[in-house]
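Q: Input file: upload34.cif. Contents: mmCIF, C-alpha atoms; chains and numbers go by the auth columns.
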```
data_target
#
loop_
_atom_site.group_PDB
_atom_site.id
_atom_site.type_symbol
_atom_site.label_atom_id
_atom_site.label_comp_id
_atom_site.label_asym_id
_atom_site.label_seq_id
_atom_site.Cartn_x
_atom_site.Cartn_y
_atom_site.Cartn_z
_atom_site.B_iso_or_equiv
_atom_site.auth_seq_id
_atom_site.auth_asym_id
ATOM 1 C CA ASN A 1 62.274 45.968 -18.698 0.00 1 A
ATOM 2 C CA ASN A 2 61.592 49.215 -20.546 0.00 2 A
ATOM 3 C CA PRO A 3 62.095 48.307 -24.243 0.00 3 A
ATOM 4 C CA ARG A 4 63.382 51.785 -25.071 0.00 4 A
ATOM 5 C CA HIS A 5 66.080 51.492 -22.404 0.00 5 A
ATOM 6 C CA HIS A 6 66.824 47.945 -23.515 0.00 6 A
ATOM 7 C CA LEU A 7 67.369 49.105 -27.110 0.00 7 A
ATOM 8 C CA SER A 8 69.474 52.047 -25.916 0.00 8 A
ATOM 9 C CA ASP A 9 71.684 49.727 -23.858 0.00 9 A
ATOM 10 C CA PHE A 10 72.013 47.352 -26.794 0.00 10 A
ATOM 11 C CA GLN A 11 73.009 50.094 -29.223 0.00 11 A
ATOM 12 C CA SER A 12 75.503 51.596 -26.773 0.00 12 A
ATOM 13 C CA GLY A 13 77.140 48.209 -26.207 0.00 13 A
ATOM 14 C CA ASP A 14 76.192 48.042 -22.525 0.00 14 A
ATOM 15 C CA LEU A 15 74.975 44.473 -23.014 0.00 15 A
ATOM 16 C CA VAL A 16 78.629 43.462 -23.418 0.00 16 A
ATOM 17 C CA ASP A 17 79.020 43.049 -19.674 0.00 17 A
ATOM 18 C CA ILE A 18 81.239 41.123 -17.293 0.00 18 A
ATOM 19 C CA GLY A 19 79.591 37.864 -18.346 0.00 19 A
ATOM 20 C CA TYR A 20 80.859 38.170 -21.911 0.00 20 A
ATOM 21 C CA SER A 21 83.956 36.066 -22.638 0.00 21 A
ATOM 22 C CA PRO A 22 85.998 37.356 -25.604 0.00 22 A
ATOM 23 C CA SER A 23 86.973 34.918 -28.329 0.00 23 A
ATOM 24 C CA GLU A 24 90.507 33.701 -28.978 0.00 24 A
ATOM 25 C CA ASN A 25 90.615 35.953 -32.031 0.00 25 A
ATOM 26 C CA GLU A 26 89.590 39.021 -30.002 0.00 26 A
ATOM 27 C CA ARG A 27 92.274 38.228 -27.432 0.00 27 A
ATOM 28 C CA THR A 28 94.883 37.795 -30.156 0.00 28 A
ATOM 29 C CA LYS A 29 94.052 41.232 -31.553 0.00 29 A
ATOM 30 C CA GLU A 30 94.505 42.730 -28.103 0.00 30 A
ATOM 31 C CA LEU A 31 97.742 40.839 -27.440 0.00 31 A
ATOM 32 C CA VAL A 32 99.331 41.855 -30.729 0.00 32 A
ATOM 33 C CA LYS A 33 99.100 45.530 -29.763 0.00 33 A
ATOM 34 C CA GLN A 34 102.381 47.141 -28.738 0.00 34 A
ATOM 35 C CA GLY A 35 103.337 50.340 -26.966 0.00 35 A
ATOM 36 C CA LYS A 36 103.358 51.626 -23.395 0.00 36 A
ATOM 37 C CA ASP A 37 99.661 50.829 -22.920 0.00 37 A
ATOM 38 C CA ALA A 38 99.871 47.284 -24.295 0.00 38 A
ATOM 39 C CA VAL A 39 98.209 44.679 -22.110 0.00 39 A
ATOM 40 C CA CYS A 40 101.260 42.440 -22.537 0.00 40 A
ATOM 41 C CA SER A 41 104.550 43.698 -23.993 0.00 41 A
ATOM 42 C CA LEU A 42 106.835 41.588 -26.170 0.00 42 A
ATOM 43 C CA PRO A 43 109.328 41.004 -23.303 0.00 43 A
ATOM 44 C CA GLU A 44 106.414 39.887 -21.110 0.00 44 A
ATOM 45 C CA LYS A 45 105.188 37.520 -23.832 0.00 45 A
ATOM 46 C CA LYS A 46 108.672 36.018 -24.064 0.00 46 A
ATOM 47 C CA ALA A 47 108.778 35.638 -20.274 0.00 47 A
ATOM 48 C CA PHE A 48 105.426 33.807 -20.315 0.00 48 A
ATOM 49 C CA ALA A 49 106.671 31.589 -23.150 0.00 49 A
ATOM 50 C CA THR A 50 109.926 30.788 -21.317 0.00 50 A
ATOM 51 C CA THR A 51 108.095 29.850 -18.114 0.00 51 A
ATOM 52 C CA CYS A 52 105.628 27.785 -20.131 0.00 52 A
ATOM 53 C CA LEU A 53 108.533 25.911 -21.730 0.00 53 A
ATOM 54 C CA PHE A 54 110.138 25.283 -18.340 0.00 54 A
ATOM 55 C CA LEU A 55 106.846 23.826 -17.055 0.00 55 A
ATOM 56 C CA LYS A 56 106.195 21.755 -20.190 0.00 56 A
ATOM 57 C CA ASN A 57 106.009 18.344 -18.519 0.00 57 A
ATOM 58 C CA ASP A 58 103.705 19.565 -15.737 0.00 58 A
ATOM 59 C CA ILE A 59 101.386 21.368 -18.127 0.00 59 A
ATOM 60 C CA ILE A 60 101.136 18.394 -20.501 0.00 60 A
ATOM 61 C CA LYS A 61 100.282 16.182 -17.523 0.00 61 A
ATOM 62 C CA ASP A 62 97.489 18.575 -16.621 0.00 62 A
ATOM 63 C CA THR A 63 96.064 18.597 -20.150 0.00 63 A
ATOM 64 C CA GLU A 64 96.065 14.795 -20.073 0.00 64 A
ATOM 65 C CA SER A 65 94.334 14.841 -16.670 0.00 65 A
ATOM 66 C CA VAL A 66 91.613 17.107 -18.003 0.00 66 A
ATOM 67 C CA ASP A 67 91.076 14.771 -20.957 0.00 67 A
ATOM 68 C CA PRO A 68 92.426 11.313 -20.045 0.00 68 A
ATOM 69 C CA GLY A 69 90.655 9.683 -22.977 0.00 69 A
ATOM 70 C CA GLY A 70 92.164 12.056 -25.504 0.00 70 A
ATOM 71 C CA SER A 71 88.743 12.908 -26.936 0.00 71 A
ATOM 72 C CA SER A 72 89.673 16.595 -27.305 0.00 72 A
ATOM 73 C CA ASP A 73 92.672 18.239 -28.934 0.00 73 A
ATOM 74 C CA LEU A 74 93.810 19.951 -25.719 0.00 74 A
ATOM 75 C CA THR A 75 97.134 18.111 -25.474 0.00 75 A
ATOM 76 C CA SER A 76 97.834 18.267 -29.200 0.00 76 A
ATOM 77 C CA GLU A 77 97.104 22.019 -29.182 0.00 77 A
ATOM 78 C CA MET A 78 99.599 22.474 -26.355 0.00 78 A
ATOM 79 C CA LEU A 79 102.207 20.388 -28.154 0.00 79 A
ATOM 80 C CA SER A 80 101.729 22.469 -31.293 0.00 80 A
ATOM 81 C CA ILE A 81 102.540 25.558 -29.222 0.00 81 A
ATOM 82 C CA TYR A 82 105.700 23.870 -27.964 0.00 82 A
ATOM 83 C CA SER A 83 106.705 23.180 -31.552 0.00 83 A
ATOM 84 C CA VAL A 84 107.243 26.955 -31.804 0.00 84 A
ATOM 85 C CA TRP A 85 108.254 27.611 -28.207 0.00 85 A
ATOM 86 C CA LYS A 86 110.759 24.751 -28.401 0.00 86 A
ATOM 87 C CA SER A 87 113.772 26.489 -26.860 0.00 87 A
ATOM 88 C CA ARG A 88 114.851 29.720 -25.218 0.00 88 A
ATOM 89 C CA THR A 89 116.580 30.715 -28.434 0.00 89 A
ATOM 90 C CA ALA A 90 113.451 30.056 -30.502 0.00 90 A
ATOM 91 C CA ILE A 91 111.367 32.094 -28.053 0.00 91 A
ATOM 92 C CA LYS A 92 113.858 34.946 -28.143 0.00 92 A
ATOM 93 C CA ASN A 93 113.808 35.060 -31.942 0.00 93 A
ATOM 94 C CA THR A 94 110.008 34.790 -32.290 0.00 94 A
ATOM 95 C CA SER A 95 108.179 37.954 -33.329 0.00 95 A
ATOM 96 C CA ASN A 96 105.415 39.669 -31.397 0.00 96 A
ATOM 97 C CA LYS A 97 102.958 38.814 -34.186 0.00 97 A
ATOM 98 C CA THR A 98 103.717 35.110 -33.723 0.00 98 A
ATOM 99 C CA HIS A 99 103.758 35.182 -29.924 0.00 99 A
ATOM 100 C CA ALA A 100 100.307 36.819 -29.664 0.00 100 A
ATOM 101 C CA PRO A 101 98.121 33.983 -31.062 0.00 101 A
ATOM 102 C CA LEU A 102 100.189 31.362 -29.232 0.00 102 A
ATOM 103 C CA LEU A 103 99.706 33.144 -25.913 0.00 103 A
ATOM 104 C CA ALA A 104 95.986 33.484 -26.677 0.00 104 A
ATOM 105 C CA LYS A 105 95.824 29.688 -27.110 0.00 105 A
ATOM 106 C CA VAL A 106 97.743 29.178 -23.857 0.00 106 A
ATOM 107 C CA ILE A 107 95.225 31.423 -22.080 0.00 107 A
ATOM 108 C CA ASP A 108 92.357 29.256 -23.361 0.00 108 A
ATOM 109 C CA ILE A 109 94.094 26.031 -22.361 0.00 109 A
ATOM 110 C CA VAL A 110 95.155 27.257 -18.916 0.00 110 A
ATOM 111 C CA SER A 111 91.612 28.533 -18.303 0.00 111 A
ATOM 112 C CA ILE A 112 90.278 25.025 -18.948 0.00 112 A
ATOM 113 C CA ILE A 113 92.958 23.474 -16.718 0.00 113 A
ATOM 114 C CA ASP A 114 92.344 26.013 -13.950 0.00 114 A
ATOM 115 C CA ASP A 115 88.597 25.341 -13.964 0.00 115 A
ATOM 116 C CA PHE A 116 89.285 21.599 -13.813 0.00 116 A
ATOM 117 C CA LEU A 117 91.729 21.917 -10.903 0.00 117 A
ATOM 118 C CA ARG A 118 89.367 24.179 -8.983 0.00 118 A
ATOM 119 C CA GLU A 119 86.596 21.642 -9.440 0.00 119 A
ATOM 120 C CA GLN A 120 88.920 18.877 -8.237 0.00 120 A
ATOM 121 C CA ARG A 121 89.769 20.882 -5.113 0.00 121 A
ATOM 122 C CA GLY A 122 86.126 21.773 -4.561 0.00 122 A
ATOM 123 C CA ASP A 123 86.833 25.501 -4.618 0.00 123 A
ATOM 124 C CA SER A 124 83.980 27.960 -4.389 0.00 124 A
ATOM 125 C CA VAL A 125 83.659 31.587 -3.411 0.00 125 A
ATOM 126 C CA ALA A 126 81.651 30.622 -0.352 0.00 126 A
ATOM 127 C CA ARG A 127 84.022 27.903 0.859 0.00 127 A
ATOM 128 C CA VAL A 128 87.408 29.637 0.494 0.00 128 A
ATOM 129 C CA THR A 129 88.016 32.077 3.351 0.00 129 A
ATOM 130 C CA ARG A 130 90.299 35.101 3.028 0.00 130 A
ATOM 131 C CA HIS A 131 92.837 33.450 5.349 0.00 131 A
ATOM 132 C CA GLY A 132 92.668 30.241 3.329 0.00 132 A
ATOM 133 C CA ALA A 133 93.180 32.138 0.089 0.00 133 A
ATOM 134 C CA GLN A 134 96.170 34.028 1.541 0.00 134 A
ATOM 135 C CA LEU A 135 97.678 30.811 2.842 0.00 135 A
ATOM 136 C CA ARG A 136 97.281 29.094 -0.517 0.00 136 A
ATOM 137 C CA GLU A 137 98.766 32.126 -2.302 0.00 137 A
ATOM 138 C CA SER A 138 101.893 31.959 -0.150 0.00 138 A
ATOM 139 C CA ASN A 139 102.362 28.263 -0.901 0.00 139 A
ATOM 140 C CA LEU A 140 101.897 28.266 -4.663 0.00 140 A
ATOM 141 C CA THR A 141 104.174 26.071 -6.756 0.00 141 A
ATOM 142 C CA GLY A 142 105.875 27.426 -9.873 0.00 142 A
ATOM 143 C CA LYS A 143 103.174 25.910 -12.057 0.00 143 A
ATOM 144 C CA GLU A 144 100.367 27.321 -9.907 0.00 144 A
ATOM 145 C CA SER A 145 101.975 30.767 -9.984 0.00 145 A
ATOM 146 C CA PHE A 146 102.172 30.563 -13.772 0.00 146 A
ATOM 147 C CA TYR A 147 98.499 29.598 -14.009 0.00 147 A
ATOM 148 C CA ARG A 148 97.570 32.466 -11.683 0.00 148 A
ATOM 149 C CA ASP A 149 99.549 34.959 -13.776 0.00 149 A
ATOM 150 C CA ILE A 150 97.914 33.705 -16.984 0.00 150 A
ATOM 151 C CA ILE A 151 94.443 34.005 -15.439 0.00 151 A
ATOM 152 C CA ASP A 152 95.275 37.518 -14.194 0.00 152 A
ATOM 153 C CA LEU A 153 96.397 38.459 -17.716 0.00 153 A
ATOM 154 C CA ARG A 154 93.193 37.003 -19.163 0.00 154 A
ATOM 155 C CA ASN A 155 90.991 38.914 -16.718 0.00 155 A
ATOM 156 C CA ASN A 156 92.792 42.201 -17.340 0.00 156 A
ATOM 157 C CA MET A 157 92.700 41.725 -21.112 0.00 157 A
ATOM 158 C CA ASP A 158 89.052 40.653 -21.197 0.00 158 A
ATOM 159 C CA HIS A 159 88.119 43.730 -19.181 0.00 159 A
ATOM 160 C CA ARG A 160 89.886 45.914 -21.749 0.00 160 A
ATOM 161 C CA ILE A 161 88.117 44.205 -24.625 0.00 161 A
ATOM 162 C CA ARG A 162 84.687 44.592 -23.025 0.00 162 A
ATOM 163 C CA THR A 163 85.406 48.236 -22.208 0.00 163 A
ATOM 164 C CA SER A 164 86.538 48.880 -25.783 0.00 164 A
ATOM 165 C CA LEU A 165 83.360 47.318 -27.176 0.00 165 A
ATOM 166 C CA ASN A 166 81.175 49.355 -24.843 0.00 166 A
ATOM 167 C CA GLU A 167 82.956 52.610 -25.659 0.00 167 A
ATOM 168 C CA SER A 168 82.723 51.993 -29.398 0.00 168 A
ATOM 169 C CA GLY A 169 79.033 52.948 -29.309 0.00 169 A
ATOM 170 C CA SER A 170 77.725 49.602 -30.552 0.00 170 A
ATOM 171 C CA ASP A 171 78.250 45.894 -30.271 0.00 171 A
ATOM 172 C CA ASN A 172 80.678 45.294 -33.143 0.00 172 A
ATOM 173 C CA ARG A 173 79.684 41.650 -33.452 0.00 173 A
ATOM 174 C CA ASN A 174 76.057 42.489 -34.262 0.00 174 A
ATOM 175 C CA HIS A 175 75.675 43.410 -37.916 0.00 175 A
ATOM 176 C CA LEU A 176 72.029 44.449 -37.425 0.00 176 A
ATOM 177 C CA VAL A 177 73.255 47.301 -35.228 0.00 177 A
ATOM 178 C CA LYS A 178 76.618 48.175 -36.776 0.00 178 A
ATOM 179 C CA GLY A 179 76.344 50.749 -39.527 0.00 179 A
ATOM 180 C CA LEU A 180 72.567 50.443 -39.944 0.00 180 A
ATOM 181 C CA LYS A 181 71.128 53.564 -41.558 0.00 181 A
ATOM 182 C CA LYS A 182 67.446 53.929 -40.749 0.00 182 A
ATOM 183 C CA GLU A 183 64.991 54.836 -43.449 0.00 183 A
ATOM 184 C CA SER A 184 62.471 57.575 -42.709 0.00 184 A
ATOM 185 C CA GLN A 185 59.675 54.982 -42.595 0.00 185 A
ATOM 186 C CA MET A 186 61.598 53.022 -39.925 0.00 186 A
ATOM 187 C CA ILE A 187 61.752 55.891 -37.432 0.00 187 A
ATOM 188 C CA GLY A 188 59.475 55.278 -34.456 0.00 188 A
ATOM 189 C CA ARG A 189 56.092 56.982 -34.339 0.00 189 A
ATOM 190 C CA GLU A 190 53.704 57.636 -31.494 0.00 190 A
ATOM 191 C CA PHE A 191 51.443 54.751 -30.612 0.00 191 A
ATOM 192 C CA ASP A 192 48.087 54.743 -32.376 0.00 192 A
ATOM 193 C CA PRO A 193 45.397 53.094 -30.163 0.00 193 A
ATOM 194 C CA SER A 194 43.156 52.559 -33.177 0.00 194 A
ATOM 195 C CA ARG A 195 45.705 50.105 -34.584 0.00 195 A
ATOM 196 C CA ALA A 196 45.916 47.995 -31.434 0.00 196 A
ATOM 197 C CA PRO A 197 44.854 44.332 -31.681 0.00 197 A
ATOM 198 C CA THR A 198 41.304 43.539 -30.676 0.00 198 A
ATOM 199 C CA ASP A 199 42.288 40.444 -28.687 0.00 199 A
ATOM 200 C CA PRO A 200 43.067 41.483 -25.047 0.00 200 A
ATOM 201 C CA LYS A 201 45.475 38.537 -24.705 0.00 201 A
ATOM 202 C CA ILE A 202 47.977 40.309 -26.936 0.00 202 A
ATOM 203 C CA TRP A 203 47.622 43.828 -25.563 0.00 203 A
ATOM 204 C CA SER A 204 51.029 43.554 -23.934 0.00 204 A
ATOM 205 C CA CYS A 205 54.443 42.759 -25.355 0.00 205 A
ATOM 206 C CA ALA A 206 55.464 39.116 -24.834 0.00 206 A
ATOM 207 C CA TYR A 207 59.090 40.206 -24.344 0.00 207 A
ATOM 208 C CA CYS A 208 58.929 43.156 -21.948 0.00 208 A
ATOM 209 C CA GLY A 209 55.308 43.268 -20.759 0.00 209 A
ATOM 210 C CA CYS A 210 54.838 46.809 -22.060 0.00 210 A
ATOM 211 C CA ASP A 211 51.136 47.668 -22.475 0.00 211 A
ATOM 212 C CA SER A 212 49.656 47.627 -25.971 0.00 212 A
ATOM 213 C CA VAL A 213 51.349 46.599 -29.188 0.00 213 A
ATOM 214 C CA ILE A 214 50.498 47.146 -32.835 0.00 214 A
ATOM 215 C CA PHE A 215 49.811 44.197 -35.112 0.00 215 A
ATOM 216 C CA VAL A 216 52.814 43.001 -37.076 0.00 216 A
ATOM 217 C CA GLU A 217 50.549 43.096 -40.114 0.00 217 A
ATOM 218 C CA GLU A 218 49.953 46.809 -39.437 0.00 218 A
ATOM 219 C CA ASP A 219 53.635 47.787 -39.337 0.00 219 A
ATOM 220 C CA ASP A 220 53.690 49.595 -42.698 0.00 220 A
ATOM 221 C CA ASP A 221 55.931 46.881 -44.144 0.00 221 A
ATOM 222 C CA CYS A 222 58.788 47.829 -41.784 0.00 222 A
ATOM 223 C CA GLU A 223 59.350 44.166 -40.897 0.00 223 A
ATOM 224 C CA GLU A 224 59.768 43.242 -44.562 0.00 224 A
ATOM 225 C CA ARG A 225 62.273 46.055 -45.085 0.00 225 A
ATOM 226 C CA ASN A 226 64.155 45.026 -41.937 0.00 226 A
ATOM 227 C CA ASP A 227 64.425 41.464 -43.220 0.00 227 A
ATOM 228 C CA LYS A 228 65.856 42.731 -46.520 0.00 228 A
ATOM 229 C CA THR A 229 68.313 44.961 -44.673 0.00 229 A
#
```
With the file now loaded, output its structure as structure tokens.
A:
Amino acid sequence: NNPRHHLSDFQSGDLVDIGYSPSENERTKELVKQGKDAVCSLPEKKAFATTCLFLKNDIIKDTESVDPGGSSDLTSEMLSIYSVWKSRTAIKNTSNKTHAPLLAKVIDIVSIIDDFLREQRGDSVARVTRHGAQLRESNLTGKESFYRDIIDLRNNMDHRIRTSLNESGSDNRNHLVKGLKKESQMIGREFDPSRAPTDPKIWSCAYCGCDSVIFVEEDDDCEERNDKT
């Protein structure tokens, strides 16, 4: 709970951890990348699209099962993808730039379906033994194999995105951290006991519990400058 370490972790991007789920836009940016280190090459995208087309009826049934009342746009989103991935020829002639956002949408949709199916089966880490998992893996249907491959792609890609954010030196989604140039008056100074509050109830930080804090009113107008920044 050391605030200095907390700030250091925040500025270095370490708070973007395994619990962070990248957005569809972040995944699209990663998927559109090409080259030998690409998370998913163009031929692989076309293979995913072709399998998705082959499984169209099964996948649409699953989207309808997730949302039988049609209150979400899950099925319509999937159908809009099929309007582009409508045939093998169309898939073959579709560019990488077009495939990337479509595959990102498929990843989102399959993730929702997979969570729903796991809940229906009552899966949990504690309840599925290694033998049971191996047995299920060997008996996967074509649709289940496709879902597994999509989830594997998502996990691999999300790991890359989180790693990239952490290695960038800051959390790129936080504009208070990115590119902030500190003024000389904003640089931290040693604690001055004479400026501590007189009320013992507020001698420790409400956030981290660190002993002694200086009044906000005694901050040399740093808070006002921060708000303007």
Q: Could you tell me how far CA of Leu55 (chain A) lies from CA of Ala38 (chain A), in Å and to one decimal?
A: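 Taking CA of Leu55 (chain A) and CA of Ala38 (chain A), their separation equals 25.5 Å.
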Q: Which polymer residues have any atom within 12 Å of an atom of Arg154 (chain A), counting all atoms listed in the file, with same-chain residues fewer than 5 positions away left out, as a list of chain:residue names?
A: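 The residues satisfying every condition are A:Ser21, A:Pro22, A:Ser23, A:Glu24, A:Glu26, A:Arg27, A:Thr28, A:Glu30, A:Leu31, A:Val39, A:Cys40, A:Leu103, A:Ala104, A:Lys105, A:Val106, A:Ile107, A:Asp108, A:Ile109, A:Val110, A:Ser111, A:Tyr147, A:Arg148, A:Asp149, A:His159, A:Arg160, A:Ile161.
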Q: Between CA of Ala90 (chain A) and CA of Asp58 (chain A), what is the distance, to one decimal in Å?
A: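 Here the two named atoms are 20.6 Å from each other.
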Q: What's the separation between CA of Lys46 (chain A) and CA of Ser80 (chain A), in Å to one decimal place?
A: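 Taking CA of Lys46 (chain A) and CA of Ser80 (chain A), their separation equals 16.9 Å.
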Q: From the list A:Lys61, A:Lys143, A:Arg88, A:His99, which residue is nearest Ser41 (chain A) when using only C-alpha atoms?
A: A:His99
Q: List as a PyMOL selection string the protein and nucleic acid residues near Trp85 (chain A), meaning an atom at most 7 Å away when all atoms listed in the file are counted, but skip any in the same chain fewer than 4 places from it.
A: chain A and resi 49+53+81+90-91
Q: For the structure provided, state which residues fall under the PyMOL selection byres ((chain A and resi 63-69) around 9), and present them as a list in words.
A: Asp58, Ile59, Ile60, Lys61, Asp62, Gly70, Ser71, Ser72, Asp73, Leu74, Thr75, Met78, Ile109, Val110, Ile112, Ile113, Phe116 and Leu117 of chain A
